[in-house]
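Shown next: data-v2.pdb, containing PDB, C-alpha atoms, pLDDT in the B column.
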ATOM      1  CA  MET A   1     -12.719  -2.216   6.886  1.00 82.00           C
ATOM      2  CA  GLU A   2      -9.541  -1.889   8.956  1.00 84.00           C
ATOM      3  CA  ILE A   3      -7.637  -4.085   6.513  1.00 88.00           C
ATOM      4  CA  ALA A   4      -8.816  -1.920   3.611  1.00 91.00           C
ATOM      5  CA  LYS A   5      -7.806   1.274   5.456  1.00 93.00           C
ATOM      6  CA  PHE A   6      -4.395  -0.238   6.100  1.00 92.00           C
ATOM      7  CA  PHE A   7      -4.011  -1.065   2.400  1.00 93.00           C
ATOM      8  CA  VAL A   8      -4.933   2.473   1.317  1.00 93.00           C
ATOM      9  CA  ASN A   9      -2.469   4.098   3.713  1.00 94.00           C
ATOM     10  CA  PHE A  10       0.287   1.597   2.948  1.00 92.00           C
ATOM     11  CA  THR A  11      -0.157   2.065  -0.798  1.00 93.00           C
ATOM     12  CA  LEU A  12      -0.351   5.856  -0.692  1.00 93.00           C
ATOM     13  CA  GLY A  13       2.606   6.157   1.668  1.00 91.00           C
ATOM     14  CA  LEU A  14       4.817   3.734  -0.199  1.00 89.00           C
ATOM     15  CA  TYR A  15       4.114   4.900  -3.743  1.00 91.00           C
ATOM     16  CA  ILE A  16       3.836   8.641  -3.134  1.00 92.00           C
ATOM     17  CA  GLY A  17       6.763   8.567  -0.757  1.00 89.00           C
ATOM     18  CA  PRO A  18       8.106  11.688   0.931  1.00 91.00           C
ATOM     19  CA  GLN A  19       6.418  14.133  -1.433  1.00 90.00           C
ATOM     20  CA  TYR A  20       3.769  16.800  -1.146  1.00 94.00           C
ATOM     21  CA  LEU A  21       1.325  15.293  -3.634  1.00 94.00           C
ATOM     22  CA  PRO A  22      -2.449  14.887  -3.468  1.00 96.00           C
ATOM     23  CA  ASN A  23      -3.882  11.395  -3.027  1.00 95.00           C
ATOM     24  CA  SER A  24      -5.241  11.465  -6.573  1.00 95.00           C
ATOM     25  CA  ASN A  25      -1.654  11.308  -7.869  1.00 95.00           C
ATOM     26  CA  ILE A  26      -1.604   7.632  -6.922  1.00 95.00           C
ATOM     27  CA  TYR A  27      -3.271   7.002 -10.274  1.00 94.00           C
ATOM     28  CA  LEU A  28      -0.343   8.697 -12.023  1.00 94.00           C
ATOM     29  CA  LEU A  29       2.227   6.721 -10.047  1.00 91.00           C
ATOM     30  CA  LEU A  30       0.514   3.351 -10.189  1.00 90.00           C
ATOM     31  CA  ASN A  31      -1.242   2.137 -13.321  1.00 91.00           C
ATOM     32  CA  ASP A  32      -4.499   0.197 -13.066  1.00 91.00           C
ATOM     33  CA  LYS A  33      -2.897  -3.150 -13.878  1.00 93.00           C
ATOM     34  CA  LYS A  34      -0.244  -2.743 -11.173  1.00 91.00           C
ATOM     35  CA  LEU A  35      -2.850  -1.511  -8.668  1.00 93.00           C
ATOM     36  CA  LYS A  36      -5.094  -4.543  -9.293  1.00 93.00           C
ATOM     37  CA  SER A  37      -2.131  -6.873  -9.016  1.00 91.00           C
ATOM     38  CA  THR A  38      -1.092  -5.263  -5.733  1.00 91.00           C
ATOM     39  CA  MET A  39      -4.638  -5.598  -4.392  1.00 92.00           C
ATOM     40  CA  ARG A  40      -4.897  -9.242  -5.461  1.00 90.00           C
ATOM     41  CA  ILE A  41      -1.636 -10.183  -3.800  1.00 89.00           C
ATOM     42  CA  PHE A  42      -2.464  -8.113  -0.705  1.00 88.00           C
ATOM     43  CA  CYS A  43      -5.681 -10.137  -0.317  1.00 88.00           C
ATOM     44  CA  LEU A  44      -3.578 -13.317  -0.425  1.00 85.00           C
ATOM     45  CA  LEU A  45      -1.872 -12.202   2.782  1.00 85.00           C
ATOM     46  CA  PHE A  46      -5.077 -13.147   4.545  1.00 82.00           C
ATOM     47  CA  ASN A  47      -5.544 -16.877   4.269  1.00 69.00           C
ATOM     48  CA  ASP A  48      -8.827 -16.783   6.143  1.00 62.00           C
ATOM     49  CA  LYS A  49     -10.424 -14.614   3.435  1.00 68.00           C
ATOM     50  CA  ASN A  50     -10.974 -11.605   5.726  1.00 76.00           C
ATOM     51  CA  ILE A  51     -10.965  -9.378   2.675  1.00 85.00           C
ATOM     52  CA  ASN A  52     -11.693  -9.833  -0.996  1.00 88.00           C
ATOM     53  CA  ILE A  53     -10.469  -7.913  -3.987  1.00 90.00           C
ATOM     54  CA  LYS A  54     -13.885  -6.512  -4.974  1.00 93.00           C
ATOM     55  CA  TYR A  55     -14.319  -4.907  -1.556  1.00 92.00           C
ATOM     56  CA  LEU A  56     -10.735  -3.656  -1.528  1.00 93.00           C
ATOM     57  CA  GLU A  57     -11.068  -2.105  -4.995  1.00 95.00           C
ATOM     58  CA  LYS A  58     -14.334  -0.407  -4.106  1.00 95.00           C
ATOM     59  CA  TYR A  59     -12.989   0.918  -0.798  1.00 95.00           C
ATOM     60  CA  PHE A  60      -9.738   2.118  -2.375  1.00 96.00           C
ATOM     61  CA  HIS A  61     -11.375   4.026  -5.236  1.00 96.00           C
ATOM     62  CA  GLU A  62     -14.067   5.533  -2.992  1.00 96.00           C
ATOM     63  CA  THR A  63     -11.434   6.682  -0.508  1.00 96.00           C
ATOM     64  CA  ILE A  64      -9.251   8.241  -3.197  1.00 96.00           C
ATOM     65  CA  ASN A  65     -12.277   9.962  -4.767  1.00 96.00           C
ATOM     66  CA  LYS A  66     -13.329  11.420  -1.393  1.00 96.00           C
ATOM     67  CA  THR A  67      -9.816  12.499  -0.458  1.00 95.00           C
ATOM     68  CA  ALA A  68      -8.414  13.294  -3.912  1.00 95.00           C
ATOM     69  CA  LEU A  69      -6.965  16.673  -2.938  1.00 94.00           C
ATOM     70  CA  ASN A  70      -5.706  15.594   0.494  1.00 94.00           C
ATOM     71  CA  ILE A  71      -2.037  14.972   1.189  1.00 94.00           C
ATOM     72  CA  ASN A  72      -1.393  11.559   2.692  1.00 93.00           C
ATOM     73  CA  SER A  73      -0.243  11.905   6.309  1.00 93.00           C
ATOM     74  CA  ILE A  74       2.394   9.195   5.934  1.00 93.00           C
ATOM     75  CA  SER A  75       3.975  10.992   2.993  1.00 92.00           C
ATOM     76  CA  LEU A  76       3.754  14.351   4.727  1.00 94.00           C
ATOM     77  CA  SER A  77       5.394  13.026   7.900  1.00 93.00           C
ATOM     78  CA  TRP A  78       8.097  11.367   5.842  1.00 91.00           C
ATOM     79  CA  LEU A  79       8.686  14.572   3.871  1.00 91.00           C
ATOM     80  CA  HIS A  80       9.267  16.398   7.161  1.00 94.00           C
ATOM     81  CA  GLY A  81      11.799  13.827   8.350  1.00 91.00           C
ATOM     82  CA  ASN A  82       9.550  11.481  10.326  1.00 93.00           C
ATOM     83  CA  ASP A  83       9.801   8.053   8.721  1.00 89.00           C
ATOM     84  CA  LYS A  84       8.186   6.206  11.643  1.00 93.00           C
ATOM     85  CA  PRO A  85       4.742   5.957   9.974  1.00 93.00           C
ATOM     86  CA  ILE A  86       6.089   4.383   6.763  1.00 90.00           C
ATOM     87  CA  LYS A  87       8.336   2.103   8.808  1.00 90.00           C
ATOM     88  CA  TYR A  88       5.291   0.999  10.821  1.00 93.00           C
ATOM     89  CA  PHE A  89       3.390   0.086   7.640  1.00 91.00           C
ATOM     90  CA  THR A  90       6.293  -1.653   5.925  1.00 89.00           C
ATOM     91  CA  SER A  91       7.302  -3.586   9.052  1.00 89.00           C
ATOM     92  CA  THR A  92       3.688  -4.688   9.575  1.00 92.00           C
ATOM     93  CA  VAL A  93       3.565  -6.039   6.012  1.00 90.00           C
ATOM     94  CA  GLU A  94       6.936  -7.712   6.531  1.00 89.00           C
ATOM     95  CA  LYS A  95       5.575  -9.439   9.673  1.00 91.00           C
ATOM     96  CA  MET A  96       2.493 -10.575   7.752  1.00 89.00           C
ATOM     97  CA  ILE A  97       4.538 -12.058   4.904  1.00 89.00           C
ATOM     98  CA  LYS A  98       6.648 -14.031   7.379  1.00 88.00           C
ATOM     99  CA  LEU A  99       3.449 -15.771   8.492  1.00 86.00           C
ATOM    100  CA  ASN A 100       2.305 -16.390   4.933  1.00 83.00           C
ATOM    101  CA  HIS A 101       3.374 -19.544   3.090  1.00 83.00           C
ATOM    102  CA  ASN A 102       2.695 -18.260  -0.419  1.00 84.00           C
ATOM    103  CA  ARG A 103       6.010 -17.636  -2.212  1.00 88.00           C
ATOM    104  CA  GLU A 104       4.404 -15.239  -4.713  1.00 87.00           C
ATOM    105  CA  VAL A 105       3.110 -13.082  -1.854  1.00 86.00           C
ATOM    106  CA  LYS A 106       6.450 -13.033  -0.070  1.00 88.00           C
ATOM    107  CA  LYS A 107       8.466 -12.218  -3.178  1.00 89.00           C
ATOM    108  CA  PHE A 108       6.022  -9.552  -4.349  1.00 87.00           C
ATOM    109  CA  PHE A 109       6.001  -7.584  -1.099  1.00 87.00           C
ATOM    110  CA  ILE A 110       9.710  -7.933  -0.389  1.00 87.00           C
ATOM    111  CA  ASP A 111      10.483  -6.692  -3.907  1.00 87.00           C
ATOM    112  CA  LEU A 112       7.858  -3.923  -3.695  1.00 84.00           C
ATOM    113  CA  ILE A 113       9.056  -2.554  -0.376  1.00 85.00           C
ATOM    114  CA  ASP A 114      12.729  -2.812  -1.301  1.00 83.00           C
ATOM    115  CA  SER A 115      12.303  -1.233  -4.732  1.00 81.00           C
ATOM    116  CA  GLN A 116      10.128   1.636  -3.514  1.00 76.00           C
ATOM    117  CA  LEU A 117      12.341   2.481  -0.544  1.00 70.00           C
ATOM    118  CA  VAL A 118      15.524   2.310  -2.645  1.00 64.00           C
ATOM    119  CA  LYS A 119      13.933   4.455  -5.384  1.00 56.00           C
ATOM    120  CA  LEU A 120      12.682   7.009  -2.876  1.00 55.00           C
ATOM    121  CA  ASN A 121      15.939   7.232  -0.913  1.00 56.00           C
ATOM    122  CA  ARG A 122      18.066   8.144  -3.954  1.00 43.00           C
TER     123      ARG A 122
END
Would you write the structure of this file as structure tokens?
Amino acid sequence: MEIAKFFVNFTLGLYIGPQYLPNSNIYLLLNDKKLKSTMRIFCLLFNDKNINIKYLEKYFHETINKTALNINSISLSWLHGNDKPIKYFTSTVEKMIKLNHNREVKKFFIDLIDSQLVKLNR
């Protein structure tokens, strides 16, 4: 469950960015195909199969449905000038990809983090 929570917060924080938007807006910012792809590759970070995509999908959608009107705390902190939470999540993913030997996983997350942070810092 902790891995799934991490994924939800990482995804909301990174895609919503420093904006005052409800969690449900993730579905406007991230289409279903891209979301599934992100989940699949996220699961590949864990070679020991600690998490599977079916569980992650279920947890993600249930969490967003329950918190649809909430503002993600990472995005809210970032909006108010505190980028430490998003830096924690991105640096944790960067540490995980260094330990992973799958080139697809490494490239995907490096490109994702770089593109989202560049886009959001314009």
**Message:** Quick check on the file I pasted: which residues fall under the PyMOL selection byres ((chain A and resi 24) around 9)? Write them as an MDAnalysis selection string.
**Reply:** chainID A and resid 21:23 25:28 64:65 67:70
Which residues of stretch 20-54 of chain A have any atom within 10 Å of an atom in stretch 100-110 of chain A when counting only C-alpha atoms, and what is the closest pair of atoms for each, with the distance in Å to one decimal? Order the rows by chain and rising number and write it as a tab-separated table.
residue	atom	partner	partner_atom	distance
A:Ser37	CA	A:Phe108	CA	9.8
A:Thr38	CA	A:Phe108	CA	8.4
A:Arg40	CA	A:Val105	CA	9.6
A:Ile41	CA	A:Val105	CA	5.9
A:Phe42	CA	A:Val105	CA	7.6
A:Cys43	CA	A:Val105	CA	9.4
A:Leu44	CA	A:Val105	CA	6.8
A:Leu45	CA	A:Asn100	CA	6.3
A:Phe46	CA	A:Asn100	CA	8.1
A:Asn47	CA	A:Asn100	CA	7.9
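Note that atom CA of A:Leu117 and atom CA of A:Gln19 are 13.1 Å apart.
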**Message:** Env of A:Pro85: 12 Å cut, atoms = only C-alpha atoms, seq-sep filter 4 positions within chain, self excluded. Answer as a VMD selection string.
**Reply:** chain A and resid 6 9 to 10 12 to 14 17 to 18 72 to 81 89 to 92
**Message:** Using Å and a single decimal, report how far atom CA of A:Tyr20 sits from atom CA of A:Leu56.
**Reply:**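 Taking atom CA of A:Leu56 and atom CA of A:Tyr20, their separation equals 25.1 Å.
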**Å distance separating atom CA of A:Val8 from atom CA of A:Phe60, one decimal place** = 6.1 Å
What are the centre and the three edge lengths of an axis-aligned box that wraps all atoms of stretch 51-69 of chain A in the file, given that 6 Å is added to every side, written as JSON and rounded to one decimal in Å?
{"center_x": -10.6, "center_y": 3.4, "center_z": -1.3, "size_x": 19.4, "size_y": 38.5, "size_z": 19.9}
**Message:** Measuring between only C-alpha atoms, which one of A:Lys98, A:Leu112, A:Glu57, A:Asn50 shows the shortest distance to A:Asp32?
**Reply:** A:Glu57
**Pick from A:Asn31, A:Ile71, A:Lys58, A:Lys36, whichever lies nearest to A:Ala4 using only C-alpha atoms** =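 Ranking A:Asn31, A:Ile71, A:Lys58, A:Lys36 by distance to A:Ala4, first place goes to A:Lys58.
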**Asked** Which residue, A:Leu99, A:Glu94, A:Met39, A:Glu2, has the smallest gap to A:Asp114 when you use only C-alpha atoms?
**Response** A:Glu94
Pull out stretch 66-102 of chain A, keep N, CA, C and O atoms, and write it as an mmCIF file, in the first residue's frame.
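Contents of result_36.cif, freshly written:
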data_model
loop_
_atom_site.group_PDB
_atom_site.id
_atom_site.type_symbol
_atom_site.label_atom_id
_atom_site.label_comp_id
_atom_site.auth_asym_id
_atom_site.auth_seq_id
_atom_site.Cartn_x
_atom_site.Cartn_y
_atom_site.Cartn_z
ATOM 1 N N LYS A 66 -12.191 9.175 -4.132
ATOM 2 C CA LYS A 66 -12.466 9.587 -2.749
ATOM 3 C C LYS A 66 -11.989 11.000 -2.451
ATOM 4 O O LYS A 66 -12.509 11.659 -1.555
ATOM 5 N N THR A 67 -10.982 11.438 -3.185
ATOM 6 C CA THR A 67 -10.384 12.754 -2.902
ATOM 7 C C THR A 67 -10.503 13.703 -4.092
ATOM 8 O O THR A 67 -9.699 14.626 -4.238
ATOM 9 N N ALA A 68 -11.495 13.491 -4.923
ATOM 10 C CA ALA A 68 -11.627 14.217 -6.194
ATOM 11 C C ALA A 68 -11.568 15.733 -6.036
ATOM 12 O O ALA A 68 -10.968 16.416 -6.858
ATOM 13 N N LEU A 69 -12.167 16.262 -4.998
ATOM 14 C CA LEU A 69 -12.216 17.717 -4.827
ATOM 15 C C LEU A 69 -11.051 18.272 -4.012
ATOM 16 O O LEU A 69 -10.893 19.490 -3.911
ATOM 17 N N ASN A 70 -10.245 17.387 -3.437
ATOM 18 C CA ASN A 70 -9.101 17.818 -2.632
ATOM 19 C C ASN A 70 -8.003 18.397 -3.517
ATOM 20 O O ASN A 70 -7.864 18.026 -4.672
ATOM 21 N N ILE A 71 -7.206 19.273 -2.926
ATOM 22 C CA ILE A 71 -6.031 19.818 -3.584
ATOM 23 C C ILE A 71 -4.838 19.035 -3.061
ATOM 24 O O ILE A 71 -4.656 18.908 -1.853
ATOM 25 N N ASN A 72 -4.042 18.516 -3.962
ATOM 26 C CA ASN A 72 -2.871 17.737 -3.576
ATOM 27 C C ASN A 72 -1.910 18.587 -2.763
ATOM 28 O O ASN A 72 -1.571 19.707 -3.159
ATOM 29 N N SER A 73 -1.443 18.060 -1.637
ATOM 30 C CA SER A 73 -0.578 18.828 -0.734
ATOM 31 C C SER A 73 0.770 19.154 -1.366
ATOM 32 O O SER A 73 1.349 20.209 -1.078
ATOM 33 N N ILE A 74 1.265 18.292 -2.225
ATOM 34 C CA ILE A 74 2.540 18.566 -2.890
ATOM 35 C C ILE A 74 2.398 19.771 -3.812
ATOM 36 O O ILE A 74 3.230 20.679 -3.805
ATOM 37 N N SER A 75 1.322 19.783 -4.577
ATOM 38 C CA SER A 75 1.071 20.906 -5.487
ATOM 39 C C SER A 75 0.826 22.196 -4.719
ATOM 40 O O SER A 75 1.317 23.260 -5.104
ATOM 41 N N LEU A 76 0.088 22.104 -3.642
ATOM 42 C CA LEU A 76 -0.213 23.289 -2.840
ATOM 43 C C LEU A 76 1.051 23.862 -2.209
ATOM 44 O O LEU A 76 1.275 25.078 -2.247
ATOM 45 N N SER A 77 1.890 22.992 -1.661
ATOM 46 C CA SER A 77 3.166 23.456 -1.091
ATOM 47 C C SER A 77 4.020 24.125 -2.162
ATOM 48 O O SER A 77 4.591 25.192 -1.941
ATOM 49 N N TRP A 78 4.086 23.485 -3.307
ATOM 50 C CA TRP A 78 4.890 23.989 -4.414
ATOM 51 C C TRP A 78 4.360 25.339 -4.889
ATOM 52 O O TRP A 78 5.125 26.273 -5.141
ATOM 53 N N LEU A 79 3.046 25.471 -4.967
ATOM 54 C CA LEU A 79 2.420 26.731 -5.355
ATOM 55 C C LEU A 79 2.816 27.864 -4.420
ATOM 56 O O LEU A 79 3.009 29.001 -4.830
ATOM 57 N N HIS A 80 2.962 27.534 -3.139
ATOM 58 C CA HIS A 80 3.313 28.538 -2.124
ATOM 59 C C HIS A 80 4.816 28.657 -1.904
ATOM 60 O O HIS A 80 5.257 29.184 -0.882
ATOM 61 N N GLY A 81 5.597 28.136 -2.868
ATOM 62 C CA GLY A 81 7.041 28.338 -2.830
ATOM 63 C C GLY A 81 7.847 27.246 -2.154
ATOM 64 O O GLY A 81 9.073 27.345 -2.103
ATOM 65 N N ASN A 82 7.214 26.218 -1.645
ATOM 66 C CA ASN A 82 7.935 25.126 -1.000
ATOM 67 C C ASN A 82 8.022 23.951 -1.971
ATOM 68 O O ASN A 82 7.070 23.196 -2.132
ATOM 69 N N ASP A 83 9.177 23.807 -2.610
ATOM 70 C CA ASP A 83 9.342 22.714 -3.567
ATOM 71 C C ASP A 83 9.994 21.478 -2.954
ATOM 72 O O ASP A 83 10.292 20.509 -3.653
ATOM 73 N N LYS A 84 10.185 21.474 -1.639
ATOM 74 C CA LYS A 84 10.811 20.315 -0.989
ATOM 75 C C LYS A 84 10.002 19.028 -1.162
ATOM 76 O O LYS A 84 10.599 17.978 -1.416
ATOM 77 N N PRO A 85 8.665 19.058 -1.047
ATOM 78 C CA PRO A 85 7.928 17.799 -1.244
ATOM 79 C C PRO A 85 8.102 17.210 -2.649
ATOM 80 O O PRO A 85 8.355 16.014 -2.781
ATOM 81 N N ILE A 86 8.006 18.014 -3.694
ATOM 82 C CA ILE A 86 8.167 17.469 -5.043
ATOM 83 C C ILE A 86 9.605 17.020 -5.256
ATOM 84 O O ILE A 86 9.853 15.999 -5.914
ATOM 85 N N LYS A 87 10.549 17.728 -4.693
ATOM 86 C CA LYS A 87 11.954 17.310 -4.804
ATOM 87 C C LYS A 87 12.185 15.982 -4.096
ATOM 88 O O LYS A 87 12.959 15.156 -4.572
ATOM 89 N N TYR A 88 11.511 15.773 -2.959
ATOM 90 C CA TYR A 88 11.621 14.492 -2.257
ATOM 91 C C TYR A 88 11.133 13.356 -3.163
ATOM 92 O O TYR A 88 11.808 12.336 -3.319
ATOM 93 N N PHE A 89 9.962 13.537 -3.772
ATOM 94 C CA PHE A 89 9.390 12.485 -4.615
ATOM 95 C C PHE A 89 10.229 12.242 -5.865
ATOM 96 O O PHE A 89 10.495 11.094 -6.228
ATOM 97 N N THR A 90 10.664 13.304 -6.523
ATOM 98 C CA THR A 90 11.457 13.099 -7.737
ATOM 99 C C THR A 90 12.833 12.515 -7.411
ATOM 100 O O THR A 90 13.307 11.640 -8.131
ATOM 101 N N SER A 91 13.453 12.947 -6.327
ATOM 102 C CA SER A 91 14.766 12.391 -5.983
ATOM 103 C C SER A 91 14.651 10.931 -5.542
ATOM 104 O O SER A 91 15.553 10.134 -5.811
ATOM 105 N N THR A 92 13.551 10.567 -4.907
ATOM 106 C CA THR A 92 13.341 9.167 -4.526
ATOM 107 C C THR A 92 13.209 8.297 -5.772
ATOM 108 O O THR A 92 13.811 7.216 -5.851
ATOM 109 N N VAL A 93 12.458 8.766 -6.756
ATOM 110 C CA VAL A 93 12.330 8.015 -8.016
ATOM 111 C C VAL A 93 13.690 7.948 -8.713
ATOM 112 O O VAL A 93 14.077 6.888 -9.229
ATOM 113 N N GLU A 94 14.421 9.032 -8.707
ATOM 114 C CA GLU A 94 15.743 9.031 -9.340
ATOM 115 C C GLU A 94 16.677 8.025 -8.658
ATOM 116 O O GLU A 94 17.437 7.326 -9.334
ATOM 117 N N LYS A 95 16.607 7.901 -7.344
ATOM 118 C CA LYS A 95 17.411 6.894 -6.627
ATOM 119 C C LYS A 95 16.978 5.484 -7.015
ATOM 120 O O LYS A 95 17.818 4.598 -7.195
ATOM 121 N N MET A 96 15.672 5.280 -7.146
ATOM 122 C CA MET A 96 15.163 3.955 -7.514
ATOM 123 C C MET A 96 15.593 3.573 -8.925
ATOM 124 O O MET A 96 15.941 2.418 -9.172
ATOM 125 N N ILE A 97 15.602 4.522 -9.860
ATOM 126 C CA ILE A 97 15.975 4.165 -11.227
ATOM 127 C C ILE A 97 17.470 3.874 -11.338
ATOM 128 O O ILE A 97 17.880 3.101 -12.196
ATOM 129 N N LYS A 98 18.269 4.459 -10.458
ATOM 130 C CA LYS A 98 19.701 4.152 -10.465
ATOM 131 C C LYS A 98 19.948 2.691 -10.094
ATOM 132 O O LYS A 98 20.919 2.090 -10.539
ATOM 133 N N LEU A 99 19.072 2.132 -9.273
ATOM 134 C CA LEU A 99 19.207 0.741 -8.846
ATOM 135 C C LEU A 99 18.561 -0.238 -9.818
ATOM 136 O O LEU A 99 18.743 -1.447 -9.697
ATOM 137 N N ASN A 100 17.831 0.287 -10.779
ATOM 138 C CA ASN A 100 17.107 -0.549 -11.725
ATOM 139 C C ASN A 100 17.949 -0.733 -12.984
ATOM 140 O O ASN A 100 18.580 0.210 -13.457
ATOM 141 N N HIS A 101 17.940 -1.929 -13.537
ATOM 142 C CA HIS A 101 18.764 -2.215 -14.718
ATOM 143 C C HIS A 101 17.978 -2.176 -16.023
ATOM 144 O O HIS A 101 18.537 -2.422 -17.084
ATOM 145 N N ASN A 102 16.711 -1.820 -15.950
ATOM 146 C CA ASN A 102 15.864 -1.778 -17.132
ATOM 147 C C ASN A 102 16.010 -0.409 -17.803
ATOM 148 O O ASN A 102 15.646 0.611 -17.225
#
